[in-house]
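Structure file my_file19.pdb with PDB, C-alpha atoms:
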ATOM      1  CA  MET O 429     109.948  99.879 111.035
ATOM      2  CA  ALA O 430     106.415 101.157 110.633
ATOM      3  CA  ARG O 431     105.069  97.602 110.533
ATOM      4  CA  VAL O 432     106.904  96.749 113.749
ATOM      5  CA  ASP O 433     105.191  99.620 115.511
ATOM      6  CA  GLN O 434     101.800  98.679 114.046
ATOM      7  CA  ALA O 435     102.205  95.064 115.193
ATOM      8  CA  ASP O 436     103.091  96.284 118.673
ATOM      9  CA  ILE O 437      99.947  98.439 118.822
ATOM     10  CA  TRP O 438      97.820  95.513 117.645
ATOM     11  CA  GLU O 439      99.314  93.260 120.314
ATOM     12  CA  ARG O 440      98.891  95.768 123.154
ATOM     13  CA  LEU O 441      95.738  97.701 122.260
ATOM     14  CA  GLY O 442      93.913  95.276 119.959
ATOM     15  CA  PHE O 443      93.289  97.436 116.911
ATOM     16  CA  VAL O 444      94.829  97.989 113.495
ATOM     17  CA  LEU O 445      96.553 101.355 113.463
ATOM     18  CA  LYS O 446      95.797 102.078 109.793
ATOM     19  CA  ASP O 447      92.165 100.872 109.869
ATOM     20  CA  PRO O 448      89.729 103.341 111.494
ATOM     21  CA  ARG O 449      86.998 100.676 111.500
ATOM     22  CA  THR O 450      88.957  98.875 114.260
ATOM     23  CA  TRP O 451      89.656 101.957 116.384
ATOM     24  CA  PRO O 452      88.098 101.871 119.852
ATOM     25  CA  GLU O 453      85.729 104.445 121.265
ATOM     26  CA  GLY O 454      87.710 107.382 122.568
ATOM     27  CA  PHE O 455      90.328 107.210 119.819
ATOM     28  CA  PRO O 456      91.824 110.730 119.618
ATOM     29  CA  GLU O 457      90.336 112.360 116.524
ATOM     30  CA  SER O 458      93.303 114.751 116.469
ATOM     31  CA  LEU O 459      95.555 111.817 115.486
ATOM     32  CA  ARG O 460      93.397 110.603 112.596
ATOM     33  CA  GLU O 461      95.169 112.421 109.749
ATOM     34  CA  ARG O 462      98.621 111.949 111.269
ATOM     35  CA  ILE O 463      98.113 108.187 111.382
ATOM     36  CA  LEU O 464      96.288 107.693 108.099
ATOM     37  CA  LYS O 465      98.475 110.035 106.017
ATOM     38  CA  PRO O 466     101.901 110.313 107.624
ATOM     39  CA  ARG O 467     104.626 112.091 105.687
ATOM     40  CA  GLY O 468     107.164 109.490 106.707
ATOM     41  CA  LEU O 469     108.296 107.020 109.322
ATOM     42  CA  MET O 470     109.131 109.663 111.922
ATOM     43  CA  ASP O 471     105.675 111.241 111.560
ATOM     44  CA  LEU O 472     104.045 107.850 112.110
ATOM     45  CA  LEU O 473     106.289 107.124 115.103
ATOM     46  CA  GLU O 474     105.430 110.475 116.649
ATOM     47  CA  ALA O 475     101.702 109.846 116.113
ATOM     48  CA  ALA O 476     102.024 106.357 117.650
ATOM     49  CA  PHE O 477     103.915 107.915 120.581
ATOM     50  CA  ASP O 478     101.071 110.404 121.110
ATOM     51  CA  LEU O 479      98.504 107.618 120.745
ATOM     52  CA  ASP O 480     100.201 105.636 123.497
ATOM     53  CA  LEU O 481     100.137 108.694 125.738
ATOM     54  CA  ALA O 482      96.424 109.184 125.004
ATOM     55  CA  PHE O 483      95.732 105.581 126.066
ATOM     56  CA  GLY O 484      97.942 105.847 129.172
ATOM     57  CA  GLN O 485     100.604 103.469 127.866
ATOM     58  CA  LYS O 486     104.175 103.760 129.172
ATOM     59  CA  GLY O 487     107.470 102.313 127.976
ATOM     60  CA  THR O 488     106.043 101.138 124.650
ATOM     61  CA  LEU O 489     108.024 100.272 121.562
ATOM     62  CA  ALA O 490     106.733 103.412 119.821
ATOM     63  CA  GLN O 491     107.892 105.527 122.738
ATOM     64  CA  ARG O 492     111.320 103.879 122.777
ATOM     65  CA  LEU O 493     111.720 104.222 119.003
ATOM     66  CA  PHE O 494     110.632 107.852 119.047
ATOM     67  CA  GLY O 495     112.972 108.534 121.963
ATOM     68  CA  GLU O 496     115.835 107.188 119.856
ATOM     69  CA  LYS O 497     114.698 108.864 116.632
ATOM     70  CA  ASN O 498     118.011 110.633 115.966
ATOM     71  CA  ARG O 499     119.935 107.380 116.215
ATOM     72  CA  LEU O 500     117.288 105.556 114.185
ATOM     73  CA  GLN O 501     117.396 108.212 111.452
ATOM     74  CA  ALA O 502     121.185 107.951 111.283
ATOM     75  CA  LEU O 503     121.013 104.173 110.934
ATOM     76  CA  LEU O 504     118.259 104.331 108.307
ATOM     77  CA  ALA O 505     120.137 106.999 106.343
ATOM     78  CA  ARG O 506     122.477 104.264 105.103
ATOM     79  CA  ARG O 507     119.533 102.463 103.563
ATOM     80  CA  HIS O 508     118.143 105.686 102.064
ATOM     81  CA  GLU O 509     121.501 106.381 100.404
ATOM     82  CA  SER O 510     121.625 102.858  99.010
ATOM     83  CA  ILE O 511     120.562 101.337  95.738
ATOM     84  CA  LEU O 512     117.569  99.906  97.647
ATOM     85  CA  ALA O 513     116.129 103.408  97.905
ATOM     86  CA  HIS O 514     117.361 106.691  96.426
ATOM     87  CA  GLY O 515     121.123 106.378  96.252
ATOM     88  CA  THR O 516     123.916 104.533  94.542
ATOM     89  CA  ARG O 517     125.904 102.815  97.262
ATOM     90  CA  PRO O 518     125.250  99.286  98.496
ATOM     91  CA  VAL O 519     124.214  98.557 102.058
ATOM     92  CA  GLU O 520     127.238  97.065 103.769
ATOM     93  CA  GLN O 521     126.992  94.159 106.198
ATOM     94  CA  GLU O 522     128.167  96.460 109.020
ATOM     95  CA  ASP O 523     125.254  98.834 108.259
ATOM     96  CA  TYR O 524     122.786  95.975 108.572
ATOM     97  CA  GLU O 525     124.420  94.651 111.746
ATOM     98  CA  ARG O 526     124.343  98.075 113.436
ATOM     99  CA  LEU O 527     120.656  98.488 112.637
ATOM    100  CA  ARG O 528     119.840  94.928 113.724
ATOM    101  CA  THR O 529     121.706  95.356 117.028
ATOM    102  CA  PHE O 530     119.923  98.653 117.679
ATOM    103  CA  ILE O 531     116.477  97.188 116.932
ATOM    104  CA  GLN O 532     117.062  94.039 118.979
ATOM    105  CA  GLY O 533     118.176  96.176 121.905
ATOM    106  CA  LEU O 534     114.792  97.932 121.942
ATOM    107  CA  ASP O 535     112.608  94.846 122.286
ATOM    108  CA  GLU O 536     113.394  91.163 122.647
ATOM    109  CA  ARG O 537     110.559  90.286 120.239
ATOM    110  CA  LEU O 538     112.403  91.967 117.362
ATOM    111  CA  ARG O 539     114.536  89.168 115.998
ATOM    112  CA  PRO O 540     115.326  88.253 112.408
ATOM    113  CA  LEU O 541     113.460  85.326 110.963
ATOM    114  CA  PRO O 542     115.471  82.167 110.405
ATOM    115  CA  PRO O 543     117.040  81.856 106.954
ATOM    116  CA  TRP O 544     114.878  80.467 104.191
ATOM    117  CA  PRO O 545     115.690  76.785 103.632
ATOM    118  CA  LYS O 546     117.801  75.900 100.625
ATOM    119  CA  PHE O 547     116.345  73.243  98.349
TER     120      PHE O 547
END
Taking this structure as input, can you express it in the form of structure tokens?
Amino acid sequence: MARVDQADIWERLGFVLKDPRTWPEGFPESLRERILKPRGLMDLLEAAFDLDLAFGQKGTLAQRLFGEKNRLQALLARRHESILAHGTRPVEQEDYERLRTFIQGLDERLRPLPPWPKF
């Protein structure tokens, strides 16, 4: 999720969120630590939300994601409880499909890549 938001910022504002060397003049110094050392995804989303506000952006992906943070956290909790992260249960297909549907509903650019070809 964090990479999605970073790609969106690159596309719209033309700089790499995690690379201060690319930041434009007028970049809010107050966001520096929050962006470079976030405590988690929600911290980074909130910082990206505030960054968009500072640059006068409206209706951005970061703003939509942060606005839906409770739903996003609930959907990601399944992954956090899974064997892919900190838990013991597998991620079910329904869990993946709910998250995919949610993400695709936020922005039409967010689509899964085509399956890798079988050789």
Between CA of Ala505 in chain O and CA of Ala476 in chain O, what is the spacing in Å?
21.4 Å
Selection result of the PyMOL selection byres ((chain O and resi 436-438) around 10) on this file, as a ChimeraX atom specification:
/O:430-435,439-445,476,479-480,488-490,537
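CA of Leu512 in chain O lies 19.5 Å from CA of Arg467 in chain O.
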Give me, please, the distance in Å between CA of Glu522 in chain O and CA of Arg499 in chain O, quoted to one decimal.
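Distance between the two atoms: 15.5 Å.
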Pick from O:Glu496, O:Glu453, O:Asp447, O:Asp478 nearest to Lys465 in chain O, counting only C-alpha atoms
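Residue with the minimum atom-to-atom distance to Lys465 in chain O: O:Asp447.
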So that I can see what lies close to Gly487 in chain O, please list as a ChimeraX atom specification the residues with an atom at most 12 Å from it, counting all atoms listed in the file and leaving out residues fewer than 6 positions away in the same chain.
/O:436,440,477,480-481,493-495,534-535
Give me the residues within 12 Å of Ala502 in chain O as a PyMOL selection string, counting all atoms listed in the file and dropping any in the same chain fewer than 5 places off.
chain O and resi 496-497+507-509+523+526-527+530
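Distance check against Glu525 in chain O using only C-alpha atoms: of O:Leu473, O:Leu459, O:Leu504, O:Ile511, the minimum falls on O:Leu504.
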For Asn498 in chain O, which of O:Met470, O:Leu538, O:Ile531, O:Leu464 is the closest residue, counting only C-alpha atoms?
O:Met470
Selected residue of minimal separation from Trp451 in chain O among O:Pro545, O:Gln491, O:Pro466, O:Phe483, counting all atoms listed in the file:
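Ranking O:Pro545, O:Gln491, O:Pro466, O:Phe483 by distance to Trp451 in chain O, first place goes to O:Phe483.
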Would you mind completing range 456-467 of chain O so that it carries all heavy atoms, and writing it out as a PDB file, in the coordinates of the input?
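File out-v2.pdb, as written:
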ATOM      1  N   PRO O 456      91.646 109.280 119.800  1.00  0.00           N
ATOM      2  CA  PRO O 456      91.824 110.730 119.618  1.00  0.00           C
ATOM      3  C   PRO O 456      91.654 111.159 118.156  1.00  0.00           C
ATOM      4  O   PRO O 456      92.455 110.798 117.298  1.00  0.00           O
ATOM      5  CB  PRO O 456      93.255 110.982 120.088  1.00  0.00           C
ATOM      6  CG  PRO O 456      93.669 109.765 120.824  1.00  0.00           C
ATOM      7  CD  PRO O 456      92.837 108.636 120.328  1.00  0.00           C
ATOM      8  N   GLU O 457      90.615 111.894 117.888  1.00  0.00           N
ATOM      9  CA  GLU O 457      90.336 112.360 116.524  1.00  0.00           C
ATOM     10  C   GLU O 457      91.483 113.210 115.989  1.00  0.00           C
ATOM     11  O   GLU O 457      91.749 113.231 114.784  1.00  0.00           O
ATOM     12  CB  GLU O 457      89.019 113.150 116.498  1.00  0.00           C
ATOM     13  CG  GLU O 457      88.496 113.440 115.120  1.00  0.00           C
ATOM     14  CD  GLU O 457      88.161 112.199 114.307  1.00  0.00           C
ATOM     15  OE1 GLU O 457      87.732 111.179 114.872  1.00  0.00           O
ATOM     16  OE2 GLU O 457      88.334 112.251 113.068  1.00  0.00           O
ATOM     17  N   SER O 458      92.190 113.888 116.885  1.00  0.00           N
ATOM     18  CA  SER O 458      93.303 114.751 116.469  1.00  0.00           C
ATOM     19  C   SER O 458      94.444 113.956 115.832  1.00  0.00           C
ATOM     20  O   SER O 458      95.269 114.527 115.110  1.00  0.00           O
ATOM     21  CB  SER O 458      93.836 115.536 117.669  1.00  0.00           C
ATOM     22  OG  SER O 458      94.334 114.637 118.655  1.00  0.00           O
ATOM     23  N   LEU O 459      94.487 112.641 116.064  1.00  0.00           N
ATOM     24  CA  LEU O 459      95.555 111.817 115.486  1.00  0.00           C
ATOM     25  C   LEU O 459      95.160 111.173 114.162  1.00  0.00           C
ATOM     26  O   LEU O 459      95.995 110.588 113.488  1.00  0.00           O
ATOM     27  CB  LEU O 459      95.966 110.726 116.478  1.00  0.00           C
ATOM     28  CG  LEU O 459      96.612 111.205 117.763  1.00  0.00           C
ATOM     29  CD1 LEU O 459      96.891 110.028 118.683  1.00  0.00           C
ATOM     30  CD2 LEU O 459      97.887 111.965 117.467  1.00  0.00           C
ATOM     31  N   ARG O 460      93.918 111.279 113.795  1.00  0.00           N
ATOM     32  CA  ARG O 460      93.397 110.603 112.596  1.00  0.00           C
ATOM     33  C   ARG O 460      94.254 110.853 111.353  1.00  0.00           C
ATOM     34  O   ARG O 460      94.749 109.911 110.729  1.00  0.00           O
ATOM     35  CB  ARG O 460      91.956 111.025 112.343  1.00  0.00           C
ATOM     36  CG  ARG O 460      91.327 110.341 111.164  1.00  0.00           C
ATOM     37  CD  ARG O 460      89.878 110.821 110.960  1.00  0.00           C
ATOM     38  NE  ARG O 460      89.229 110.008 109.980  1.00  0.00           N
ATOM     39  CZ  ARG O 460      88.657 108.845 110.208  1.00  0.00           C
ATOM     40  NH1 ARG O 460      88.638 108.349 111.426  1.00  0.00           N
ATOM     41  NH2 ARG O 460      88.094 108.167 109.239  1.00  0.00           N
ATOM     42  N   GLU O 461      94.410 112.099 110.967  1.00  0.00           N
ATOM     43  CA  GLU O 461      95.169 112.421 109.749  1.00  0.00           C
ATOM     44  C   GLU O 461      96.643 112.046 109.891  1.00  0.00           C
ATOM     45  O   GLU O 461      97.252 111.592 108.933  1.00  0.00           O
ATOM     46  CB  GLU O 461      95.037 113.894 109.407  1.00  0.00           C
ATOM     47  CG  GLU O 461      93.683 114.274 108.839  1.00  0.00           C
ATOM     48  CD  GLU O 461      93.367 113.552 107.538  1.00  0.00           C
ATOM     49  OE1 GLU O 461      94.202 113.572 106.622  1.00  0.00           O
ATOM     50  OE2 GLU O 461      92.271 112.966 107.444  1.00  0.00           O
ATOM     51  N   ARG O 462      97.195 112.257 111.060  1.00  0.00           N
ATOM     52  CA  ARG O 462      98.621 111.949 111.269  1.00  0.00           C
ATOM     53  C   ARG O 462      98.896 110.460 111.128  1.00  0.00           C
ATOM     54  O   ARG O 462      99.980 110.067 110.697  1.00  0.00           O
ATOM     55  CB  ARG O 462      99.069 112.442 112.641  1.00  0.00           C
ATOM     56  CG  ARG O 462      99.097 113.948 112.719  1.00  0.00           C
ATOM     57  CD  ARG O 462      99.374 114.457 114.108  1.00  0.00           C
ATOM     58  NE  ARG O 462     100.589 113.902 114.668  1.00  0.00           N
ATOM     59  CZ  ARG O 462     100.815 113.852 115.981  1.00  0.00           C
ATOM     60  NH1 ARG O 462      99.931 114.316 116.837  1.00  0.00           N
ATOM     61  NH2 ARG O 462     101.941 113.349 116.427  1.00  0.00           N
ATOM     62  N   ILE O 463      97.932 109.629 111.481  1.00  0.00           N
ATOM     63  CA  ILE O 463      98.113 108.187 111.382  1.00  0.00           C
ATOM     64  C   ILE O 463      97.776 107.679 109.987  1.00  0.00           C
ATOM     65  O   ILE O 463      98.482 106.846 109.430  1.00  0.00           O
ATOM     66  CB  ILE O 463      97.290 107.461 112.462  1.00  0.00           C
ATOM     67  CG1 ILE O 463      97.950 107.703 113.818  1.00  0.00           C
ATOM     68  CG2 ILE O 463      97.147 105.979 112.165  1.00  0.00           C
ATOM     69  CD1 ILE O 463      97.173 107.217 115.004  1.00  0.00           C
ATOM     70  N   LEU O 464      96.717 108.190 109.406  1.00  0.00           N
ATOM     71  CA  LEU O 464      96.288 107.693 108.099  1.00  0.00           C
ATOM     72  C   LEU O 464      97.119 108.235 106.951  1.00  0.00           C
ATOM     73  O   LEU O 464      97.244 107.582 105.915  1.00  0.00           O
ATOM     74  CB  LEU O 464      94.808 108.005 107.879  1.00  0.00           C
ATOM     75  CG  LEU O 464      93.852 107.280 108.810  1.00  0.00           C
ATOM     76  CD1 LEU O 464      92.426 107.712 108.543  1.00  0.00           C
ATOM     77  CD2 LEU O 464      94.013 105.774 108.692  1.00  0.00           C
ATOM     78  N   LYS O 465      97.692 109.438 107.103  1.00  0.00           N
ATOM     79  CA  LYS O 465      98.475 110.035 106.017  1.00  0.00           C
ATOM     80  C   LYS O 465      99.787 110.627 106.540  1.00  0.00           C
ATOM     81  O   LYS O 465     100.023 111.828 106.416  1.00  0.00           O
ATOM     82  CB  LYS O 465      97.654 111.130 105.335  1.00  0.00           C
ATOM     83  CG  LYS O 465      96.413 110.605 104.671  1.00  0.00           C
ATOM     84  CD  LYS O 465      95.611 111.701 104.032  1.00  0.00           C
ATOM     85  CE  LYS O 465      94.343 111.111 103.448  1.00  0.00           C
ATOM     86  NZ  LYS O 465      93.463 112.116 102.911  1.00  0.00           N
ATOM     87  N   PRO O 466     100.634 109.775 107.121  1.00  0.00           N
ATOM     88  CA  PRO O 466     101.901 110.313 107.624  1.00  0.00           C
ATOM     89  C   PRO O 466     102.817 110.702 106.468  1.00  0.00           C
ATOM     90  O   PRO O 466     102.720 110.152 105.375  1.00  0.00           O
ATOM     91  CB  PRO O 466     102.488 109.146 108.420  1.00  0.00           C
ATOM     92  CG  PRO O 466     101.932 107.932 107.753  1.00  0.00           C
ATOM     93  CD  PRO O 466     100.552 108.335 107.288  1.00  0.00           C
ATOM     94  N   ARG O 467     103.675 111.665 106.723  1.00  0.00           N
ATOM     95  CA  ARG O 467     104.626 112.091 105.687  1.00  0.00           C
ATOM     96  C   ARG O 467     105.865 111.210 105.670  1.00  0.00           C
ATOM     97  O   ARG O 467     106.676 111.318 104.776  1.00  0.00           O
ATOM     98  CB  ARG O 467     105.010 113.543 105.909  1.00  0.00           C
ATOM     99  CG  ARG O 467     103.854 114.492 105.662  1.00  0.00           C
ATOM    100  CD  ARG O 467     104.283 115.896 105.890  1.00  0.00           C
ATOM    101  NE  ARG O 467     104.888 115.967 107.219  1.00  0.00           N
ATOM    102  CZ  ARG O 467     104.912 117.040 107.982  1.00  0.00           C
ATOM    103  NH1 ARG O 467     104.391 118.147 107.549  1.00  0.00           N
ATOM    104  NH2 ARG O 467     105.456 117.014 109.174  1.00  0.00           N
TER     105      ARG O 467
END
